file query07.csv (CSV, C-alpha atoms)
chain,number,residue,atom,x,y,z
A,1,MET,CA,47.7,-141.8,-40.5
A,2,ASN,CA,48.5,-138.3,-41.8
A,3,LEU,CA,46.4,-135.2,-41.4
A,4,PHE,CA,44.8,-135.4,-44.9
A,5,SER,CA,43.7,-139.1,-44.4
A,6,PHE,CA,42.2,-138.3,-41.0
A,7,LEU,CA,40.2,-135.3,-42.4
A,8,LEU,CA,38.9,-137.5,-45.3
A,9,LEU,CA,37.8,-140.2,-42.9
A,10,TYR,CA,36.2,-137.6,-40.6
A,11,PHE,CA,34.1,-136.1,-43.3
A,12,ILE,CA,33.0,-139.5,-44.5
A,13,LEU,CA,31.8,-140.4,-41.0
A,14,ILE,CA,30.0,-137.0,-40.7
A,15,ASP,CA,28.2,-137.7,-44.0
A,16,PHE,CA,27.2,-141.2,-42.8
A,17,PHE,CA,25.7,-140.1,-39.5
A,18,TRP,CA,24.0,-137.1,-41.2
A,19,ASN,CA,22.2,-139.4,-43.6
A,20,ILE,CA,21.0,-141.5,-40.6
A,21,SER,CA,19.7,-138.6,-38.6
A,22,CYS,CA,18.4,-136.3,-41.3
A,23,SER,CA,16.7,-138.5,-44.0
A,24,TYR,CA,13.7,-136.2,-44.4
A,25,ALA,CA,13.0,-132.5,-44.8
A,26,ARG,CA,9.6,-132.2,-43.2
A,27,TYR,CA,7.3,-129.3,-43.9
A,28,GLN,CA,3.8,-128.3,-42.7
A,29,LEU,CA,1.8,-127.1,-45.6
A,30,ASN,CA,1.6,-123.6,-44.1
A,31,HIS,CA,5.4,-123.3,-44.0
A,32,ASN,CA,6.8,-120.2,-45.6
A,33,LYS,CA,8.6,-122.3,-48.2
A,34,VAL,CA,5.4,-124.2,-49.2
A,35,CYS,CA,2.0,-122.4,-48.8
A,36,PRO,CA,2.4,-119.6,-46.3
A,37,SER,CA,-0.7,-118.4,-44.4
A,38,SER,CA,0.6,-114.8,-44.0
A,39,LYS,CA,-0.6,-112.4,-46.7
A,40,LEU,CA,2.7,-110.5,-46.7
A,41,THR,CA,4.6,-113.7,-47.3
A,42,LYS,CA,2.3,-114.7,-50.1
A,43,ILE,CA,2.9,-111.3,-51.8
A,44,TYR,CA,6.6,-111.7,-51.3
A,45,GLN,CA,6.6,-115.2,-52.8
A,46,PHE,CA,4.5,-114.0,-55.8
A,47,ILE,CA,7.1,-111.3,-56.5
A,48,SER,CA,10.3,-113.1,-55.7
A,49,LYS,CA,9.3,-116.6,-56.9
A,50,PRO,CA,11.1,-118.6,-54.2
A,51,ASP,CA,13.2,-121.7,-54.8
A,52,PRO,CA,11.3,-125.0,-55.0
A,53,LEU,CA,11.6,-127.7,-52.4
A,54,THR,CA,14.5,-130.0,-53.2
A,55,THR,CA,15.1,-133.7,-52.7
A,56,THR,CA,18.5,-135.4,-52.8
A,57,PRO,CA,19.3,-139.1,-53.1
A,58,SER,CA,19.8,-139.3,-49.3
A,59,ARG,CA,17.2,-136.8,-48.2
A,60,ALA,CA,13.5,-137.0,-49.1
A,61,THR,CA,10.9,-134.2,-48.7
A,62,ASN,CA,7.7,-134.7,-46.7
A,63,VAL,CA,4.7,-132.2,-46.8
A,64,ARG,CA,1.8,-132.7,-44.5
A,65,TYR,CA,-1.1,-130.8,-43.0
A,66,THR,CA,-4.4,-131.4,-41.1
A,67,TRP,CA,-7.5,-129.3,-41.1
A,68,ASN,CA,-9.6,-130.1,-38.1
A,69,THR,CA,-11.4,-126.8,-37.4
A,70,TRP,CA,-13.6,-124.5,-39.3
A,71,LYS,CA,-11.1,-121.7,-38.8
A,72,SER,CA,-8.3,-123.7,-40.3
A,73,VAL,CA,-10.4,-124.3,-43.4
A,74,ARG,CA,-11.6,-120.7,-43.6
A,75,ASP,CA,-8.0,-119.4,-43.5
A,76,SER,CA,-6.8,-121.7,-46.3
A,77,ASP,CA,-6.3,-120.4,-49.8
A,78,ASP,CA,-5.5,-122.1,-53.1
A,79,CYS,CA,-1.8,-122.8,-53.3
A,80,SER,CA,0.9,-124.4,-55.4
A,81,PHE,CA,4.5,-125.4,-54.8
A,82,LYS,CA,7.3,-127.1,-56.8
A,83,VAL,CA,9.5,-130.0,-55.9
A,84,GLN,CA,12.7,-130.8,-57.7
A,85,THR,CA,15.6,-133.3,-57.5
A,86,SER,CA,19.1,-132.0,-56.9
A,87,GLY,CA,20.9,-135.3,-57.9
A,88,GLY,CA,19.5,-135.5,-61.5
A,89,GLY,CA,17.2,-138.4,-60.8
A,90,GLY,CA,13.5,-138.9,-61.0
A,91,ILE,CA,10.8,-138.5,-58.2
A,92,TYR,CA,8.6,-141.0,-56.5
A,93,ILE,CA,5.5,-139.2,-55.2
A,94,VAL,CA,3.8,-141.3,-52.5
A,95,ILE,CA,0.5,-140.0,-51.1
A,96,THR,CA,0.4,-141.9,-47.8
A,97,ARG,CA,-2.6,-140.2,-46.3
A,98,LEU,CA,-5.3,-138.0,-47.9
A,99,HIS,CA,-8.8,-136.9,-47.1
A,100,LEU,CA,-10.3,-134.1,-49.3
A,101,ARG,CA,-14.0,-133.6,-49.6
A,102,GLN,CA,-16.0,-135.0,-52.5
A,103,ASN,CA,-19.7,-134.8,-53.3
A,104,PRO,CA,-20.9,-138.4,-52.6
A,105,SER,CA,-23.6,-138.4,-55.3
A,106,SER,CA,-21.9,-136.5,-58.2
A,107,ARG,CA,-18.4,-137.6,-57.3
A,108,ILE,CA,-17.2,-134.1,-58.0
A,109,CYS,CA,-14.3,-132.9,-55.9
A,110,THR,CA,-15.0,-130.1,-53.4
A,111,ASP,CA,-11.4,-129.9,-52.4
A,112,PHE,CA,-8.7,-131.4,-54.6
A,113,LEU,CA,-5.0,-132.0,-55.3
A,114,ARG,CA,-3.5,-132.0,-58.7
A,115,ILE,CA,0.1,-132.8,-59.9
A,116,ARG,CA,1.8,-131.4,-63.0
A,117,PHE,CA,4.7,-133.5,-64.2
A,118,SER,CA,8.0,-132.3,-65.9
A,119,ASN,CA,6.6,-133.1,-69.4
A,120,GLY,CA,3.6,-130.8,-68.9
A,121,THR,CA,0.9,-133.4,-68.3
A,122,LYS,CA,-1.3,-133.3,-65.2
A,123,THR,CA,-3.2,-135.8,-63.2
A,124,ASP,CA,-6.9,-135.7,-62.8
A,125,ARG,CA,-8.3,-134.0,-59.6
A,126,ILE,CA,-7.4,-136.1,-56.6
A,127,CYS,CA,-9.9,-136.1,-53.8
A,128,GLY,CA,-11.9,-138.4,-51.5
A,129,ARG,CA,-10.1,-140.6,-49.1
A,130,ILE,CA,-6.9,-142.5,-49.7
A,131,THR,CA,-6.6,-145.1,-47.1
A,132,PRO,CA,-3.2,-146.4,-45.9
A,133,GLN,CA,-4.0,-149.7,-47.6
A,134,ASP,CA,-4.5,-147.9,-50.9
A,135,VAL,CA,-1.4,-145.7,-51.0
A,136,ALA,CA,-1.4,-143.7,-54.2
A,137,THR,CA,2.0,-143.2,-56.0
A,138,PHE,CA,3.1,-141.3,-59.1
A,139,THR,CA,6.5,-141.3,-60.9
A,140,ASP,CA,8.2,-138.5,-62.7
A,141,SER,CA,11.4,-139.3,-64.6
A,142,GLY,CA,12.3,-135.6,-65.1
A,143,GLY,CA,12.6,-134.8,-61.4
A,144,ASP,CA,10.5,-131.6,-61.5
A,145,VAL,CA,6.8,-131.6,-60.4
A,146,LYS,CA,4.4,-128.9,-59.3
A,147,LEU,CA,1.4,-129.5,-57.0
A,148,TYR,CA,-1.8,-127.5,-56.9
A,149,LEU,CA,-4.0,-127.7,-53.8
A,150,VAL,CA,-7.5,-126.2,-53.7
A,151,ILE,CA,-9.5,-126.1,-50.4
A,152,ALA,CA,-13.1,-124.9,-50.5
A,153,ASN,CA,-12.7,-122.4,-47.6
A,154,HIS,CA,-16.3,-121.2,-47.9
A,155,ILE,CA,-17.7,-124.7,-46.9
A,156,PRO,CA,-17.4,-125.5,-43.2
A,157,LEU,CA,-16.4,-128.9,-41.9
A,158,GLU,CA,-19.0,-131.4,-40.8
A,159,THR,CA,-19.1,-132.6,-37.2
A,160,ASN,CA,-15.9,-134.6,-36.4
A,161,GLU,CA,-14.7,-134.2,-39.9
A,162,THR,CA,-10.9,-133.8,-40.6
A,163,LEU,CA,-9.1,-133.1,-43.8
A,164,GLU,CA,-5.5,-134.2,-44.2
A,165,ILE,CA,-2.7,-134.7,-46.7
A,166,ASP,CA,0.7,-136.5,-46.2
A,167,ILE,CA,2.9,-136.7,-49.3
A,168,VAL,CA,6.5,-138.0,-49.5
A,169,PHE,CA,8.8,-137.1,-52.4
A,170,THR,CA,11.8,-139.4,-52.8
A,171,GLU,CA,14.5,-139.1,-55.5
A,172,TYR,CA,15.3,-142.3,-57.4
A,173,PHE,CA,18.2,-143.0,-59.6
A,174,GLY,CA,19.6,-145.7,-61.9
A,175,CYS,CA,20.9,-148.7,-59.9
A,176,LYS,CA,24.7,-149.0,-59.9
A,177,GLY,CA,25.1,-152.2,-58.0
A,178,ASP,CA,26.3,-150.6,-54.8
A,179,PHE,CA,24.3,-152.7,-52.3
A,180,ALA,CA,25.8,-150.8,-49.3
A,181,THR,CA,24.0,-147.6,-50.3
A,182,GLU,CA,21.2,-148.6,-52.8
A,183,PHE,CA,17.9,-150.3,-52.5
A,184,GLN,CA,16.0,-151.3,-55.7
A,185,CYS,CA,12.3,-150.4,-55.8
A,186,GLU,CA,11.7,-151.3,-59.4
A,187,LEU,CA,13.8,-152.8,-62.1
A,188,GLY,CA,16.7,-150.5,-62.6
A,189,LYS,CA,15.4,-147.9,-60.2
A,190,CYS,CA,16.9,-147.5,-56.8
A,191,ILE,CA,16.6,-145.2,-53.8
A,192,HIS,CA,19.1,-144.6,-51.0
A,193,LYS,CA,19.3,-147.4,-48.4
A,194,ALA,CA,18.8,-144.9,-45.6
A,195,PHE,CA,15.0,-145.1,-46.4
A,196,LEU,CA,14.9,-148.8,-45.8
A,197,ASN,CA,12.4,-149.8,-43.0
A,198,ASP,CA,12.2,-146.2,-41.6
A,199,GLY,CA,8.5,-146.2,-41.2
A,200,THR,CA,7.7,-144.2,-44.3
A,201,ASN,CA,6.7,-145.5,-47.8
A,202,ASN,CA,9.2,-144.4,-50.4
A,203,CYS,CA,8.9,-147.1,-53.1
A,204,PRO,CA,5.8,-147.1,-55.3
A,205,THR,CA,2.8,-149.4,-55.0
A,206,PRO,CA,1.7,-152.1,-55.1
A,207,HIS,CA,4.4,-153.5,-52.9
A,208,CYS,CA,6.2,-150.6,-51.2
A,209,LEU,CA,9.3,-152.7,-51.0
A,210,ASP,CA,11.3,-150.4,-48.8
A,211,GLU,CA,9.1,-151.5,-45.8
A,212,GLU,CA,9.2,-155.0,-44.4
A,213,ILE,CA,5.4,-155.1,-44.0
A,214,GLY,CA,4.7,-153.5,-47.4
A,215,CYS,CA,2.4,-150.5,-47.7
A,216,LEU,CA,1.8,-149.4,-44.1
A,217,SER,CA,-1.5,-149.3,-42.4
A,218,HIS,CA,-2.5,-146.3,-40.2
A,219,PRO,CA,-1.8,-147.9,-36.8
A,220,ASP,CA,1.5,-149.3,-38.1
A,221,MET,CA,2.4,-145.9,-39.5
A,222,GLU,CA,2.1,-144.3,-36.0
A,223,ALA,CA,4.3,-147.1,-34.5
A,224,HIS,CA,6.9,-146.7,-37.2
A,225,ASP,CA,6.9,-142.9,-36.7
A,226,ALA,CA,7.8,-143.5,-33.1
A,227,ARG,CA,10.7,-145.8,-34.1
A,228,ALA,CA,11.8,-143.3,-36.7
A,229,SER,CA,11.9,-140.5,-34.1
A,230,LYS,CA,14.1,-142.6,-31.9
A,231,LYS,CA,16.4,-143.3,-34.8
A,232,VAL,CA,16.7,-139.5,-35.5
A,233,ILE,CA,17.5,-138.8,-31.8
A,234,VAL,CA,20.2,-141.6,-31.6
A,235,GLY,CA,21.7,-140.5,-34.9
A,236,GLY,CA,21.8,-136.8,-33.8
A,237,VAL,CA,23.6,-137.7,-30.5
A,238,ILE,CA,26.1,-139.9,-32.4
A,239,SER,CA,26.7,-137.1,-34.9
A,240,ALA,CA,27.3,-134.5,-32.1
A,241,VAL,CA,29.8,-136.8,-30.4
A,242,VAL,CA,31.7,-137.5,-33.6
A,243,VAL,CA,31.8,-133.8,-34.5
A,244,LEU,CA,33.2,-133.0,-31.0
A,245,ILE,CA,35.8,-135.7,-31.1
A,246,GLY,CA,36.8,-134.7,-34.6
A,247,PHE,CA,37.1,-131.0,-33.8
A,248,THR,CA,39.3,-131.7,-30.8
A,249,ILE,CA,41.6,-134.0,-32.8
A,250,CYS,CA,41.8,-131.4,-35.6
A,251,ILE,CA,42.8,-128.7,-33.2
A,252,LEU,CA,45.5,-130.9,-31.6
A,253,ALA,CA,46.8,-131.9,-35.0
A,254,ILE,CA,47.0,-128.3,-36.2
A,255,CYS,CA,48.8,-127.2,-33.0
A,256,LYS,CA,51.3,-130.1,-33.4
A,257,PHE,CA,51.9,-129.2,-37.1
A,258,SER,CA,52.4,-125.6,-36.2
A,259,ALA,CA,55.0,-126.4,-33.5
A,260,CYS,CA,57.0,-128.6,-36.0
A,261,MET,CA,57.2,-125.8,-38.5
A,262,LYS,CA,58.7,-123.4,-36.0
A,263,GLY,CA,62.5,-123.5,-35.3
A,264,PRO,CA,64.1,-122.9,-31.9
A,265,ARG,CA,63.1,-119.5,-30.6
A,266,ARG,CA,65.7,-116.8,-30.4
A,267,PRO,CA,65.9,-114.6,-27.3
A,268,THR,CA,64.0,-111.4,-27.8
A,269,ASN,CA,65.5,-109.2,-25.1
A,270,LEU,CA,68.5,-108.7,-22.9
A,271,TYR,CA,67.1,-110.6,-20.0
A,272,GLU,CA,66.6,-113.7,-22.0
A,273,THR,CA,70.1,-113.4,-23.5
A,274,THR,CA,71.8,-113.1,-20.1
A,275,GLN,CA,69.9,-116.2,-18.9
A,276,HIS,CA,72.1,-118.3,-21.2
A,277,ARG,CA,75.5,-116.9,-20.1
A,278,GLN,CA,78.0,-119.1,-18.4
A,279,PRO,CA,77.6,-119.1,-14.6
A,280,ARG,CA,80.1,-116.9,-12.8
A,281,VAL,CA,83.2,-118.4,-11.3
A,282,GLU,CA,83.0,-119.3,-7.6
A,283,VAL,CA,84.9,-117.3,-5.0
A,284,GLN,CA,87.0,-120.3,-4.0
A,285,GLU,CA,88.2,-120.8,-7.6
A,286,LEU,CA,89.4,-117.2,-7.8
A,287,SER,CA,91.2,-117.2,-4.4
A,288,ALA,CA,94.4,-118.2,-6.1
A,289,ILE,CA,94.2,-115.3,-8.5
A,290,GLY,CA,93.8,-112.4,-6.0
A,291,ASN,CA,91.4,-110.5,-3.9
A,292,ILE,CA,87.8,-111.1,-4.5
A,293,SER,CA,85.3,-108.3,-4.5
A,294,ASP,CA,81.8,-108.4,-3.2
A,295,THR,CA,80.5,-109.1,-6.7
A,296,GLY,CA,82.4,-112.4,-6.8
A,297,LEU,CA,84.9,-111.2,-9.4
A,298,PRO,CA,88.6,-110.5,-8.8
A,299,ALA,CA,89.2,-107.0,-7.5
A,300,PRO,CA,91.4,-104.8,-9.7
A,301,SER,CA,94.9,-104.2,-8.5
A,302,ALA,CA,97.8,-102.2,-9.7
A,303,PRO,CA,100.5,-104.0,-11.6
A,304,ALA,CA,103.6,-105.0,-9.6
A,305,ALA,CA,106.6,-102.6,-9.8
A,306,PHE,CA,109.6,-103.7,-11.9
A,307,VAL,CA,112.8,-102.3,-13.5
A,308,ILE,CA,113.9,-102.7,-17.0
A,309,GLU,CA,117.7,-102.8,-17.2
A,310,ASP,CA,119.2,-101.1,-20.2
A,311,GLN,CA,122.3,-103.0,-21.4
A,312,ASN,CA,123.6,-100.1,-23.5
A,313,LYS,CA,123.7,-97.5,-20.7
A,314,ASP,CA,127.0,-96.5,-19.1
A,315,PRO,CA,127.6,-97.6,-15.5
A,316,PRO,CA,127.4,-94.9,-12.8
A,317,PRO,CA,130.6,-93.3,-11.6
A,318,PRO,CA,132.2,-94.7,-8.4
A,319,SER,CA,131.3,-93.1,-5.2
A,320,TYR,CA,133.8,-90.9,-3.1
A,321,GLU,CA,134.0,-93.5,-0.3
A,322,SER,CA,134.9,-96.2,-2.8
A,323,LEU,CA,137.8,-94.1,-4.2
A,324,PHE,CA,139.1,-92.8,-0.9
A,325,PRO,CA,138.4,-95.3,1.8
A,326,ASP,CA,141.1,-93.9,4.2
A,327,ARG,CA,139.6,-90.5,4.4
A,328,SER,CA,136.2,-91.5,5.3
call {"tool": "encode", "arguments": {"input": "query07.csv", "output": "structure tokens"}}
result
Amino acid sequence: MNLFSFLLLYFILIDFFWNISCSYARYQLNHNKVCPSSKLTKIYQFISKPDPLTTTPSRATNVRYTWNTWKSVRDSDDCSFKVQTSGGGGIYIVITRLHLRQNPSSRICTDFLRIRFSNGTKTDRICGRITPQDVATFTDSGGDVKLYLVIANHIPLETNETLEIDIVFTEYFGCKGDFATEFQCELGKCIHKAFLNDGTNNCPTPHCLDEEIGCLSHPDMEAHDARASKKVIVGGVISAVVVLIGFTICILAICKFSACMKGPRRPTNLYETTQHRQPRVEVQELSAIGNISDTGLPAPSAPAAFVIEDQNKDPPPPSYESLFPDRS
């Protein structure tokens, strides 16, 4: 396997485990990206017009909040926020839990939620209690909705009264027949298979097909939430291990590739050059040549004396003794 194939496989695995561990972007209603409670943040959002919440085919958006004290109601203001799809599909809006006050006699909403769809139409005011057995769902094919929430913050809560909302936004798309990544909620409309049996309703009513038991009841929702949390933890640990192993292998591959690209290293100084010289001749091997100095090399000596005989030179005259031997 070459380096390119390994990196491709590595990023595919990362995407797979990311989808397992991060299937939802969860926000409390008072989050700075939704309906901030800080006055300064509200002013900043009014001026800057922040980006809407986004959903992707593999990541849904969940907005929830609970008002259980008079202070929490008193501090609430009317707010609105947008949700859009990033994959070009539509949105399933599933209200899994809702309790907003309503006048029991006139049926007029004291608090209410309203949804504006991409074609400009709006729902009626939504209030009262939506039980888990009566999960309310809406569909927007344009993938761009805006929600308006009004809380009557001048009316205190009654004893043991709690207000709550829990809304899930899931992007759906046209089914392509890929059963490994798709799950069909309605005819021709699919969601990512990562949402299958994860403890949260993503498909619309009346069947909520993505959950084995259908539309979840409140106790089952709590049990499924615990299993979903465990799934997130396991997925996060696996993702961390895969990232660590992949990073280590990438470093080793890069180091090996860099070493192959380099040629033999040339000596950079005189010391390294002298290390590659031939070893000096031993003293015993030079004994036949001459005297050996303390350095292990032959000691210099003067050249031997010799006489060159000139063939063209006249011979010397004879001596006196050779001419007159009797007189000596």
call {"tool": "residues_around", "arguments": {"input": "query07.csv", "residues": "Ala25 (chain A)", "least_positions_apart": "3", "cutoff": "12 Å", "atoms": "all atoms listed in the file", "output": "CSV table (one decimal) with C-alpha atoms, in the frame of the given file"}}
result
chain,number,residue,atom,x,y,z
A,19,ASN,CA,22.2,-139.4,-43.6
A,21,SER,CA,19.7,-138.6,-38.6
A,22,CYS,CA,18.4,-136.3,-41.3
A,28,GLN,CA,3.8,-128.3,-42.7
A,31,HIS,CA,5.4,-123.3,-44.0
A,33,LYS,CA,8.6,-122.3,-48.2
A,53,LEU,CA,11.6,-127.7,-52.4
A,54,THR,CA,14.5,-130.0,-53.2
A,55,THR,CA,15.1,-133.7,-52.7
A,56,THR,CA,18.5,-135.4,-52.8
A,58,SER,CA,19.8,-139.3,-49.3
A,59,ARG,CA,17.2,-136.8,-48.2
A,60,ALA,CA,13.5,-137.0,-49.1
A,61,THR,CA,10.9,-134.2,-48.7
A,62,ASN,CA,7.7,-134.7,-46.7
A,63,VAL,CA,4.7,-132.2,-46.8
A,64,ARG,CA,1.8,-132.7,-44.5
A,83,VAL,CA,9.5,-130.0,-55.9
A,167,ILE,CA,2.9,-136.7,-49.3
A,168,VAL,CA,6.5,-138.0,-49.5
A,169,PHE,CA,8.8,-137.1,-52.4
A,170,THR,CA,11.8,-139.4,-52.8
call {"tool": "atom_distance", "arguments": {"input": "query07.csv", "atom1": "CA of Glu164 (chain A)", "atom2": "CA of Tyr148 (chain A)"}}
result
14.8 Å
call {"tool": "closest_residue", "arguments": {"input": "query07.csv", "among": "A:Ile151, A:Cys175, A:Leu113, A:Cys190", "to": "Asp78 (chain A)", "atoms": "all atoms listed in the file"}}
result
A:Ile151
call {"tool": "atom_distance", "arguments": {"input": "query07.csv", "atom1": "CA of His192 (chain A)", "atom2": "CA of Lys176 (chain A)"}}
result
11.4 Å
call {"tool": "closest_residue", "arguments": {"input": "query07.csv", "among": "A:Pro57, A:Cys109, A:Pro325, A:Asp140", "to": "Arg125 (chain A)", "atoms": "only C-alpha atoms"}}
result
A:Cys109
call {"tool": "atom_distance", "arguments": {"input": "query07.csv", "atom1": "CA of Lys146 (chain A)", "atom2": "CA of Glu182 (chain A)"}}
result
26.7 Å
call {"tool": "closest_residue", "arguments": {"input": "query07.csv", "among": "A:Ile245, A:Pro204, A:Lys82, A:Glu171", "to": "Glu186 (chain A)", "atoms": "only C-alpha atoms"}}
result
A:Pro204
call {"tool": "residues_around", "arguments": {"input": "query07.csv", "residues": "Arg129 (chain A)", "least_positions_apart": "2", "cutoff": "7 Å", "atoms": "all atoms listed in the file", "output": "PDB file with C-alpha atoms, in the coordinates of the input"}}
result
ATOM      1  CA  LEU A  98      -5.300-138.000 -47.900  1.00  0.00           C
ATOM      2  CA  HIS A  99      -8.800-136.900 -47.100  1.00  0.00           C
ATOM      3  CA  LEU A 100     -10.300-134.100 -49.300  1.00  0.00           C
ATOM      4  CA  CYS A 127      -9.900-136.100 -53.800  1.00  0.00           C
ATOM      5  CA  THR A 131      -6.600-145.100 -47.100  1.00  0.00           C
TER       6      THR A 131
END
call {"tool": "residues_near_point", "arguments": {"input": "query07.csv", "point": "(10.9, -151.4, -49.0)", "cutoff": "10 Å", "atoms": "all atoms listed in the file", "output": "VMD selection string"}}
result
chain A and resid 183 to 185 191 193 195 to 204 207 to 215
call {"tool": "closest_residue", "arguments": {"input": "query07.csv", "among": "A:Val150, A:Leu163, A:Cys250, A:Cys79", "to": "Asn30 (chain A)", "atoms": "all atoms listed in the file"}}
result
A:Cys79
call {"tool": "closest_residue", "arguments": {"input": "query07.csv", "among": "A:Asp166, A:Leu187, A:Ser105, A:Val145", "to": "Lys122 (chain A)", "atoms": "all atoms listed in the file"}}
result
A:Val145
call {"tool": "closest_residue", "arguments": {"input": "query07.csv", "among": "A:Lys189, A:Asp75, A:Ser322, A:Thr110", "to": "Gly177 (chain A)", "atoms": "only C-alpha atoms"}}
result
A:Lys189
